[in-house]
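This is model.csv. It holds CSV, C-alpha atoms and all ligand atoms.
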chain,number,residue,atom,x,y,z
U,1,MET,CA,56.6,-12.4,31.4
U,2,ARG,CA,54.2,-9.8,30.2
U,3,THR,CA,55.8,-8.3,27.2
U,4,PRO,CA,54.0,-5.2,26.1
U,5,PHE,CA,56.0,-4.5,23.1
U,6,SER,CA,58.1,-5.7,20.4
U,7,TRP,CA,57.4,-8.4,18.0
U,8,VAL,CA,59.8,-7.0,15.6
U,9,MET,CA,63.1,-6.8,17.2
U,10,LEU,CA,65.7,-4.3,17.0
U,11,VAL,CA,69.0,-5.5,17.3
U,12,VAL,CA,71.0,-2.9,18.1
U,13,VAL,CA,74.7,-3.1,18.2
U,14,ALA,CA,77.6,-5.2,17.8
U,15,ALA,CA,81.2,-4.1,18.3
U,16,LEU,CA,84.2,-6.0,17.3
U,17,MET,CA,86.9,-4.4,19.3
U,18,LYS,CA,89.3,-4.0,16.4
U,19,LEU,CA,90.5,-6.9,14.4
U,20,PRO,CA,93.1,-9.3,15.9
U,21,ALA,CA,96.7,-8.8,15.2
U,22,PRO,CA,98.1,-11.3,12.6
U,23,GLN,CA,99.9,-13.5,15.2
U,24,ALA,CA,96.6,-13.8,17.1
U,25,ALA,CA,94.7,-14.8,14.0
U,26,TYR,CA,94.1,-18.4,15.2
U,27,GLU,CA,92.9,-17.4,18.6
U,28,GLN,CA,89.3,-18.1,19.3
U,29,PRO,CA,87.4,-14.8,20.0
U,30,ASN,CA,85.3,-14.4,23.1
U,31,PHE,CA,81.6,-13.8,22.7
U,32,ILE,CA,79.3,-11.8,24.9
U,33,VAL,CA,75.6,-11.6,24.1
U,34,ILE,CA,73.7,-9.0,26.1
U,35,LEU,CA,70.0,-9.5,25.8
U,36,ALA,CA,67.9,-6.6,27.1
U,37,ASP,CA,64.4,-7.5,28.0
U,38,ASP,CA,61.4,-5.4,26.7
U,39,VAL,CA,63.7,-2.7,25.4
U,40,GLY,CA,62.2,-0.4,22.8
U,41,TRP,CA,63.7,0.9,19.6
U,42,GLY,CA,63.6,4.4,20.8
U,43,ASP,CA,65.2,3.5,24.2
U,44,LEU,CA,68.6,3.9,22.6
U,45,GLY,CA,70.0,7.3,21.8
U,46,ALA,CA,71.6,5.7,18.7
U,47,ASN,CA,68.2,5.1,17.4
U,48,TRP,CA,66.3,8.0,18.8
U,49,ALA,CA,67.9,11.4,19.3
U,50,GLU,CA,65.6,12.4,22.1
U,51,THR,CA,66.9,9.6,24.3
U,52,LYS,CA,69.8,10.9,26.4
U,53,GLU,CA,70.2,8.1,28.9
U,54,THR,CA,72.4,5.7,26.9
U,55,PRO,CA,75.8,7.2,26.2
U,56,HIS,CA,77.7,3.8,26.5
U,57,LEU,CA,75.3,2.0,24.2
U,58,ASP,CA,75.5,4.9,21.7
U,59,GLU,CA,79.2,4.8,21.8
U,60,LEU,CA,79.1,1.1,21.1
U,61,ALA,CA,76.7,1.7,18.2
U,62,ALA,CA,79.1,4.4,16.8
U,63,GLU,CA,82.2,2.2,17.1
U,64,GLY,CA,80.5,-1.0,16.0
U,65,THR,CA,78.1,-2.3,13.5
U,66,ARG,CA,74.3,-1.8,13.8
U,67,PHE,CA,72.0,-4.4,12.5
U,68,VAL,CA,68.8,-2.5,11.9
U,69,ASP,CA,66.9,-5.2,10.2
U,70,PHE,CA,67.5,-8.1,12.7
U,71,HIS,CA,64.3,-9.7,14.1
U,72,SER,CA,63.5,-11.5,17.2
U,73,ALA,CA,61.8,-14.8,16.6
U,74,ALA,CA,59.0,-13.9,19.0
U,75,SER,CA,57.5,-11.1,21.0
U,76,THR,CA,57.6,-13.1,24.2
U,77,CYS,CA,60.2,-14.2,26.7
U,78,SER,CA,60.7,-18.0,26.4
U,79,PRO,CA,60.2,-18.3,22.7
U,80,SER,CA,62.6,-15.5,21.8
U,81,ARG,CA,65.2,-16.9,24.2
U,82,ALA,CA,64.8,-20.4,22.9
U,83,SER,CA,65.3,-19.2,19.3
U,84,LEU,CA,68.3,-17.1,20.3
U,85,LEU,CA,70.0,-20.1,21.9
U,86,THR,CA,69.1,-22.7,19.3
U,87,GLY,CA,68.9,-20.8,16.1
U,88,ARG,CA,65.5,-22.4,15.5
U,89,LEU,CA,62.1,-20.9,15.4
U,90,GLY,CA,59.5,-21.9,18.0
U,91,VAL,CA,57.6,-24.0,15.5
U,92,ARG,CA,60.7,-26.2,15.2
U,93,ASN,CA,62.2,-26.1,18.8
U,94,GLY,CA,58.7,-26.5,20.4
U,95,VAL,CA,58.8,-23.3,22.5
U,96,THR,CA,55.9,-21.2,21.3
U,97,HIS,CA,54.7,-19.9,24.7
U,98,ASN,CA,56.1,-18.6,27.9
U,99,PHE,CA,56.9,-21.1,30.7
U,100,ALA,CA,55.1,-20.4,34.0
U,101,VAL,CA,56.3,-20.7,37.5
U,102,THR,CA,54.3,-23.9,37.6
U,103,SER,CA,55.7,-25.3,34.4
U,104,VAL,CA,57.6,-28.6,34.7
U,105,GLY,CA,58.9,-28.5,31.1
U,106,GLY,CA,61.4,-26.2,29.3
U,107,LEU,CA,63.4,-26.0,26.1
U,108,PRO,CA,63.1,-29.6,24.8
U,109,LEU,CA,66.2,-31.5,25.9
U,110,ASN,CA,67.0,-32.7,22.4
U,111,GLU,CA,67.6,-29.2,21.2
U,112,THR,CA,71.3,-28.1,20.9
U,113,THR,CA,72.2,-24.7,22.4
U,114,LEU,CA,74.8,-22.2,21.3
U,115,ALA,CA,76.5,-22.8,24.7
U,116,GLU,CA,76.8,-26.5,24.0
U,117,VAL,CA,78.4,-25.9,20.6
U,118,LEU,CA,80.9,-23.4,22.0
U,119,ARG,CA,81.7,-25.5,25.0
U,120,GLY,CA,82.4,-28.3,22.6
U,121,ALA,CA,84.9,-25.9,21.0
U,122,GLY,CA,86.7,-25.4,24.3
U,123,TYR,CA,84.8,-22.3,25.5
U,124,SER,CA,84.1,-21.5,29.1
U,125,THR,CA,80.3,-20.8,29.1
U,126,GLY,CA,78.3,-18.6,31.4
U,127,ALA,CA,74.7,-17.5,31.6
U,128,ILE,CA,73.8,-14.6,33.9
U,129,GLY,CA,70.3,-13.2,34.4
U,130,LYS,CA,66.9,-14.3,33.3
U,131,TRP,CA,66.7,-17.9,32.0
U,132,HIS,CA,63.0,-18.6,31.4
U,133,LEU,CA,63.6,-21.9,29.5
U,134,GLY,CA,62.6,-24.2,32.2
U,135,HIS,CA,63.6,-24.5,35.9
U,136,HIS,CA,63.0,-28.1,36.8
U,137,GLY,CA,65.3,-31.1,36.3
U,138,HIS,CA,67.6,-30.9,33.3
U,139,HIS,CA,66.1,-27.7,32.0
U,140,HIS,CA,68.4,-25.6,34.2
U,141,PRO,CA,71.2,-23.8,32.3
U,142,ILE,CA,73.8,-25.9,33.9
U,143,PHE,CA,72.5,-28.8,31.9
U,144,ARG,CA,72.1,-26.8,28.7
U,145,GLY,CA,75.7,-26.1,27.9
U,146,PHE,CA,76.5,-23.5,30.6
U,147,ASP,CA,79.4,-24.1,33.0
U,148,TYR,CA,78.2,-21.3,35.2
U,149,TYR,CA,74.8,-19.7,36.0
U,150,PHE,CA,73.8,-16.8,38.1
U,151,GLY,CA,70.3,-15.4,38.0
U,152,ILE,CA,66.6,-15.7,38.2
U,153,PRO,CA,65.1,-18.7,36.5
U,154,TYR,CA,62.3,-16.7,34.9
U,155,SER,CA,61.0,-13.1,34.7
U,156,HIS,CA,61.6,-11.0,37.8
U,157,ASP,CA,57.9,-10.2,38.1
U,158,MET,CA,57.1,-13.9,38.5
U,159,GLY,CA,57.5,-14.0,42.3
U,160,CYS,CA,57.2,-11.7,45.2
U,161,THR,CA,60.1,-9.7,46.7
U,162,ASP,CA,60.6,-7.5,49.7
U,163,THR,CA,61.8,-4.8,47.3
U,164,PRO,CA,59.0,-4.9,44.7
U,165,GLY,CA,60.3,-2.1,42.5
U,166,TYR,CA,58.2,0.0,40.2
U,167,ASN,CA,55.3,-1.4,38.3
U,168,LEU,CA,51.9,-0.3,37.2
U,169,PRO,CA,50.0,-1.3,39.2
U,170,PRO,CA,52.5,-1.7,42.0
U,171,CYS,CA,52.8,-5.2,43.5
U,172,PRO,CA,53.0,-5.6,47.3
U,173,PRO,CA,56.1,-7.0,49.1
U,174,CYS,CA,56.1,-10.7,50.0
U,175,PRO,CA,53.5,-11.7,52.6
U,176,GLN,CA,55.0,-11.9,56.0
U,177,HIS,CA,54.6,-14.9,58.3
U,178,SER,CA,50.9,-14.6,59.0
U,179,MET,CA,48.4,-15.4,56.3
U,180,ALA,CA,46.3,-12.6,57.8
U,181,THR,CA,48.6,-10.0,56.4
U,182,ARG,CA,48.5,-11.5,53.0
U,183,VAL,CA,47.4,-9.3,50.2
U,184,VAL,CA,46.0,-11.2,47.3
U,185,ARG,CA,46.3,-9.5,44.0
U,186,LYS,CA,45.5,-11.4,40.9
U,187,ASP,CA,48.0,-9.6,38.7
U,188,CYS,CA,50.9,-10.1,41.1
U,189,TYR,CA,52.6,-13.3,41.9
U,190,THR,CA,52.7,-13.8,45.6
U,191,GLU,CA,52.9,-17.6,45.9
U,192,VAL,CA,56.6,-18.1,45.6
U,193,ALA,CA,59.3,-15.6,46.6
U,194,LEU,CA,61.6,-14.9,43.7
U,195,PRO,CA,64.8,-17.0,43.9
U,196,LEU,CA,68.3,-16.0,42.9
U,197,LEU,CA,70.4,-18.9,41.9
U,198,GLU,CA,74.1,-19.5,41.5
U,199,ASN,CA,74.7,-22.7,39.6
U,200,LEU,CA,72.1,-25.0,41.1
U,201,THR,CA,71.8,-23.3,44.5
U,202,ILE,CA,69.3,-20.7,45.6
U,203,ILE,CA,71.5,-18.1,47.2
U,204,GLN,CA,68.8,-15.5,47.9
U,205,GLN,CA,65.0,-15.7,48.2
U,206,PRO,CA,63.3,-13.4,47.8
U,207,VAL,CA,65.8,-11.6,45.5
U,208,ASN,CA,66.7,-8.0,46.5
U,209,LEU,CA,65.8,-6.3,43.2
U,210,SER,CA,67.6,-3.1,44.4
U,211,SER,CA,71.0,-4.8,44.3
U,212,LEU,CA,70.4,-7.2,41.4
U,213,THR,CA,72.1,-5.0,38.7
U,214,GLU,CA,75.2,-4.8,40.9
U,215,ARG,CA,75.3,-8.5,41.5
U,216,TYR,CA,75.0,-9.2,37.7
U,217,VAL,CA,77.9,-6.9,37.0
U,218,GLU,CA,80.0,-8.6,39.7
U,219,ALA,CA,79.1,-12.1,38.5
U,220,ALA,CA,79.9,-11.2,34.9
U,221,THR,CA,83.2,-9.6,35.8
U,222,GLN,CA,84.2,-12.5,37.8
U,223,PHE,CA,83.2,-15.0,35.1
U,224,ILE,CA,85.1,-13.1,32.5
U,225,GLN,CA,88.2,-12.7,34.6
U,226,GLN,CA,88.2,-16.4,35.6
U,227,ALA,CA,87.9,-17.5,32.0
U,228,SER,CA,90.6,-15.1,31.0
U,229,ASN,CA,92.9,-16.3,33.8
U,230,SER,CA,92.5,-19.8,32.7
U,231,ARG,CA,93.3,-18.8,29.2
U,232,ARG,CA,90.1,-20.1,27.8
U,233,PRO,CA,87.9,-18.3,25.3
U,234,PHE,CA,84.5,-17.6,26.8
U,235,PHE,CA,80.9,-17.2,25.9
U,236,LEU,CA,78.8,-15.1,28.2
U,237,TYR,CA,75.1,-14.8,27.8
U,238,LEU,CA,73.9,-11.9,29.8
U,239,ALA,CA,70.2,-11.7,29.9
U,240,LEU,CA,69.3,-8.5,31.7
U,241,ALA,CA,66.2,-7.8,33.8
U,242,HIS,CA,66.1,-4.4,32.2
U,243,MET,CA,63.8,-3.0,30.9
U,244,HIS,CA,61.2,-5.5,32.0
U,245,VAL,CA,58.9,-4.5,34.9
U,246,PRO,CA,59.2,-4.1,37.8
U,247,LEU,CA,61.9,-1.5,37.3
U,248,GLY,CA,64.3,-1.9,40.3
U,249,VAL,CA,66.1,1.4,40.2
U,250,PRO,CA,67.7,2.1,43.6
U,251,PRO,CA,66.2,4.9,45.8
U,252,PRO,CA,63.9,7.4,44.3
U,253,PRO,CA,64.7,8.8,40.9
U,254,THR,CA,65.8,12.3,41.1
U,255,MET,CA,63.3,15.1,40.3
U,256,GLY,CA,62.6,15.6,36.7
U,257,ARG,CA,63.8,12.2,35.7
U,258,SER,CA,61.4,9.5,35.0
U,259,ILE,CA,61.7,6.1,36.6
U,260,TYR,CA,62.0,4.6,33.2
U,261,GLY,CA,64.8,7.0,32.3
U,262,ALA,CA,66.7,6.2,35.5
U,263,SER,CA,66.3,2.5,34.7
U,264,LEU,CA,67.6,3.0,31.2
U,265,SER,CA,70.7,4.9,32.6
U,266,GLU,CA,71.2,2.0,35.0
U,267,MET,CA,71.2,-0.5,32.1
U,268,ASP,CA,73.5,1.7,30.1
U,269,ALA,CA,75.9,2.0,33.0
U,270,LEU,CA,75.9,-1.8,33.3
U,271,VAL,CA,76.8,-2.2,29.6
U,272,GLY,CA,79.6,0.4,30.0
U,273,ARG,CA,81.1,-1.6,32.9
U,274,ILE,CA,81.1,-4.8,31.0
U,275,LYS,CA,82.7,-3.0,28.1
U,276,GLN,CA,85.4,-1.7,30.5
U,277,VAL,CA,86.1,-5.3,31.6
U,278,ILE,CA,86.5,-6.6,28.1
U,279,ASP,CA,88.6,-3.6,27.1
U,280,SER,CA,91.0,-4.6,30.0
U,281,LEU,CA,91.5,-8.0,28.3
U,282,GLY,CA,93.0,-6.3,25.3
U,283,LYS,CA,91.6,-5.1,22.0
U,284,GLY,CA,90.5,-7.6,19.4
U,285,LYS,CA,89.6,-10.4,21.7
U,286,THR,CA,85.9,-10.1,22.3
U,287,LEU,CA,82.8,-9.7,20.1
U,288,LEU,CA,80.1,-8.0,22.1
U,289,TRP,CA,76.5,-8.0,21.0
U,290,PHE,CA,73.7,-6.0,22.5
U,291,THR,CA,70.2,-6.9,21.4
U,292,GLY,CA,66.7,-6.7,22.7
J,1,LIG,C1,63.1,-32.8,19.3
J,1,LIG,O1,61.9,-33.6,19.4
J,1,LIG,C2,60.8,-32.9,18.9
J,1,LIG,C3,59.6,-33.8,19.1
J,1,LIG,O2,59.9,-35.1,18.7
J,1,LIG,C4,60.9,-32.6,17.4
J,1,LIG,O3,59.8,-31.9,16.9
J,1,LIG,C5,62.2,-31.7,17.3
J,1,LIG,O4,62.4,-31.4,15.9
J,1,LIG,C6,63.4,-32.4,17.9
J,1,LIG,N1,64.5,-31.5,17.8
J,1,LIG,C7,65.7,-31.8,17.2
J,1,LIG,C8,66.7,-30.8,17.3
J,1,LIG,O5,65.8,-32.9,16.7
J,2,LIG,C1,79.6,-22.8,39.8
J,2,LIG,O1,80.0,-23.7,38.8
J,2,LIG,C2,81.3,-23.4,38.3
J,2,LIG,C3,81.6,-24.3,37.2
J,2,LIG,O2,81.5,-25.7,37.6
J,2,LIG,C4,82.3,-23.4,39.4
J,2,LIG,O3,83.6,-23.0,38.9
J,2,LIG,C5,81.9,-22.5,40.5
J,2,LIG,O4,82.8,-22.6,41.6
J,2,LIG,C6,80.5,-22.8,41.0
J,2,LIG,N1,80.1,-21.7,41.9
J,2,LIG,C7,79.5,-22.0,43.0
J,2,LIG,C8,79.3,-20.8,43.9
J,2,LIG,O5,79.2,-23.1,43.4
J,3,LIG,C1,68.6,-4.4,49.1
J,3,LIG,O1,69.7,-3.9,48.6
J,3,LIG,C2,69.9,-2.5,48.8
J,3,LIG,C3,71.1,-2.1,48.0
J,3,LIG,O2,72.2,-2.9,48.2
J,3,LIG,C4,70.1,-2.3,50.3
J,3,LIG,O3,70.3,-0.9,50.6
J,3,LIG,C5,68.8,-2.8,51.0
J,3,LIG,O4,69.0,-2.7,52.4
J,3,LIG,C6,68.5,-4.2,50.6
J,3,LIG,N1,67.2,-4.5,51.1
J,3,LIG,C7,66.8,-5.7,51.7
J,3,LIG,C8,65.4,-5.9,52.0
J,3,LIG,O5,67.7,-6.5,51.9
Transcribe the structure of this file into C-alpha cells.
Ligand SMILES: *[C@@H]1O[C@H](CO)[C@@H](O)[C@H](O)[C@H]1NC(C)=O
Ligand SMILES: *[C@@H]1O[C@H](CO)[C@@H](O)[C@H](O)[C@H]1NC(C)=O
Ligand SMILES: *[C@@H]1O[C@H](CO)[C@@H](O)[C@H](O)[C@H]1NC(C)=O
Amino acid sequence: MRTPFSWVMLVVVAALMKLPAPQAAYEQPNFIVILADDVGWGDLGANWAETKETPHLDELAAEGTRFVDFHSAASTCSPSRASLLTGRLGVRNGVTHNFAVTSVGGLPLNETTLAEVLRGAGYSTGAIGKWHLGHHGHHHPIFRGFDYYFGIPYSHDMGCTDTPGYNLPPCPPCPQHSMATRVVRKDCYTEVALPLLENLTIIQQPVNLSSLTERYVEAATQFIQQASNSRRPFFLYLALAHMHVPLGVPPPPTMGRSIYGASLSEMDALVGRIKQVIDSLGKGKTLLWFTG
C-alpha cells in the first residue's frame, strides 16, 4: 500500500514471441500482463547496467519491444490498477485513492474491465496476485470479468503473517492466541491476518509469504495449461507481490547479496518460468507484457 516510488512509470518490456504463421492468422493471441509492484526503473538490467539480477527480463527486453515512455496512471496501488484494467484515469473511473482493509467499496461496478471485454471475445480470464480493487461483495475479481482468481485481495503488508518477511521497520508475526502477547505497532497491520484466496474461498490465513512466489507460479502454470488444453485463448493478469515490501525472500540471502537483490532475482526467475510455460505452447501465440 505504501508506494515509495514511481509516479512516472516505466513500462518495460513486451515480447511477441514471433509472428503467427499465415494459417494461424485468425487465431486469437493469448495475453499475459505481468504487473510488478513498486519496481524501479533501475531494477532491470535492461535499463541499468549495474543491475545483474534480471537476466530473464533483460532477455525479454532484448527480444521484444521496450516502451520507454509509457506511464502509469498513478503512483499508488488501487488507482494504477483501476486504470490498467479499465483504460480510464482515476478522475473518470472514480478510483483516486487506495482501498483500505476496512473499505467496503472498490472499482465502481459500472466500469468495464479488460477481462470482461476479453471474456466476451471468448477468452479464458485469470487474475493471480494482488487485487486491491475492492474485496467485498461484487468487487471481487470473479465478478469483474475473471473466471479464475488466486491471490491476496490487497497489498501483502495489509495484514499480519507468521512469516513477516523483510521490511523497514520489521513487522511482528501475527499475535498468538492471547492478547497479552500482542505487539501493537501503529505502522504494521495486526488486526486481520493476511488471506490467500482461490476464487471466492480463503485457502490460507495468514498467508505464508515464503512460499507465495512458488504458489503464484504454480497457479499461473495451471491456469495457462488448462486454457490451452481447452483450446481457448487466455488473458492472464499476474499482479506480483514483488518488489513491494515486505520482501519475502526464502531463507537468509547469501552473504554479499542484498535482500533487495535476492528478491529481484526471485521475481526475475518467476518471469523466466512463465516465459518457459508460454514457450511450450508454441511460438507466436502469446503476447507477454511486463510492466511496473
Ligand atoms: C460510473 O458511474 C459514475 C458515477 O455516476 C460515473 O462518474 C462514471 O463515469 C460511470 N462510469 C461509466 C463507465 O459509465
Ligand atoms: C475456480 O473457478 C474456476 C472457474 O470457474 C474453476 O474452473 C476452478 O475449478 C475453481 N477452483 C476452485 C479451487 O474452486
Ligand atoms: C512457509 O513456507 C516455507 C517454504 O515452503 C516453509 O519452509 C515454511 O515451513 C512455511 N512456514 C509456515 C509458518 O508455514
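Considering the residues U:Ser280, U:Ser265, U:Ser211, U:Thr221 and counting only C-alpha atoms and all ligand atoms, ligand LIG 3 (chain J) has its shortest atom-to-atom contact with U:Ser211.
Our summary of the geometry notes that CA of Asn199 in chain U is positioned 5.9 Å from atom O5 of ligand LIG 2 (chain J).
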Give me the residues of chain U that have any atom at most 9 Å from an atom of ligand LIG 2 (chain J); for each, the nearest atom pair and the distance in Å, rounded to one decimal. Use all atoms listed in the file, sort by chain and number, and format it as a Markdown table.
| residue | atom | partner | partner_atom | distance |
| --- | --- | --- | --- | --- |
| U:Ser124 | CA | J:LIG2 | C3 | 8.9 |
| U:Thr125 | CA | J:LIG2 | C3 | 8.9 |
| U:Gly126 | CA | J:LIG2 | C3 | 8.8 |
| U:Ile142 | CA | J:LIG2 | O1 | 8.2 |
| U:Phe146 | CA | J:LIG2 | C3 | 8.4 |
| U:Asp147 | CA | J:LIG2 | C3 | 4.7 |
| U:Tyr148 | CA | J:LIG2 | O1 | 4.7 |
| U:Tyr149 | CA | J:LIG2 | C1 | 6.9 |
| U:Phe150 | CA | J:LIG2 | C1 | 8.5 |
| U:Glu198 | CA | J:LIG2 | C8 | 5.9 |
| U:Asn199 | CA | J:LIG2 | C1 | 4.9 |
| U:Leu200 | CA | J:LIG2 | O5 | 7.7 |
| U:Thr201 | CA | J:LIG2 | O5 | 7.5 |
| U:Ile203 | CA | J:LIG2 | C8 | 8.9 |
| U:Phe223 | CA | J:LIG2 | O3 | 8.9 |
| U:Gln226 | CA | J:LIG2 | O3 | 8.7 |
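When the distance limit is 10 Å and only C-alpha atoms are what count, the residues near Leu118 in chain U, minus those fewer than 2 positions from it on the same chain, are Phe31, Thr113, Leu114, Ala115, Glu116, Gly120, Ala121, Gly122, Tyr123, Ser124, Thr125, Gly145, Phe146, Pro233, Phe234 and Phe235 of chain U.
Using all atoms listed in the file, the residues found no farther than 8 Å from range 46-48 of chain U, other than those of its own chain fewer than 2 positions away, are Trp41, Gly42, Asp43, Leu44, Glu50, Thr51, Leu57, Asp58, Ala61 and Ala62 of chain U.
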Selected residues written out with C-alpha atoms, as a short mmCIF file (atom, residue, chain, number, x, y, z; two decimals), in the coordinates of the input:
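part24.cif written:
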data_model
loop_
_atom_site.label_atom_id
_atom_site.label_comp_id
_atom_site.auth_asym_id
_atom_site.auth_seq_id
_atom_site.Cartn_x
_atom_site.Cartn_y
_atom_site.Cartn_z
CA TRP U 41 63.70 0.90 19.60
CA GLY U 42 63.60 4.40 20.80
CA ASP U 43 65.20 3.50 24.20
CA LEU U 44 68.60 3.90 22.60
CA GLU U 50 65.60 12.40 22.10
CA THR U 51 66.90 9.60 24.30
CA LEU U 57 75.30 2.00 24.20
CA ASP U 58 75.50 4.90 21.70
CA ALA U 61 76.70 1.70 18.20
CA ALA U 62 79.10 4.40 16.80
#
Residue with smallest distance to Asp162 in chain U - pool U:Ile128, U:Ser210, U:Ile278, U:Arg144, counting only C-alpha atoms: U:Ser210
Dump as a Markdown table the rows for residues of chain U within 8 Å of ligand LIG 1 (chain J): closest atom pair and distance in Å with one decimal, only C-alpha atoms and all ligand atoms counted, ordered by chain and rising residue number.
| residue | atom | partner | partner_atom | distance |
| --- | --- | --- | --- | --- |
| U:Arg92 | CA | J:LIG1 | O4 | 5.5 |
| U:Asn93 | CA | J:LIG1 | C5 | 5.8 |
| U:Gly94 | CA | J:LIG1 | O3 | 6.5 |
| U:Pro108 | CA | J:LIG1 | C1 | 6.4 |
| U:Leu109 | CA | J:LIG1 | C1 | 7.4 |
| U:Asn110 | CA | J:LIG1 | C1 | 5.0 |
| U:Glu111 | CA | J:LIG1 | C8 | 4.3 |
| U:Thr112 | CA | J:LIG1 | C8 | 6.4 |
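Every residue having at least one atom no farther than 9 Å from ligand LIG 3 (chain J) is included below, with only C-alpha atoms and all ligand atoms taken into account: Thr161, Asp162, Thr163, Pro206, Val207, Asn208, Leu209, Ser210, Ser211, Leu212, Glu214, Pro250 and Pro251 of chain U.
When all atoms listed in the file are used to compute distances to Gly151 in chain U, the closest of the residues U:Asp279, U:Glu266, U:Glu27, U:Glu218 turns out to be U:Glu218.
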Coordinates-based distance that separates CA of Arg119 in chain U from CA of Gly284 in chain U (Å, one decimal): 20.7 Å
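Counting all atoms listed in the file, the residue from U:Ala219, U:His242, U:Leu288, U:Gly248 that sits nearest to Met267 in chain U is U:His242.
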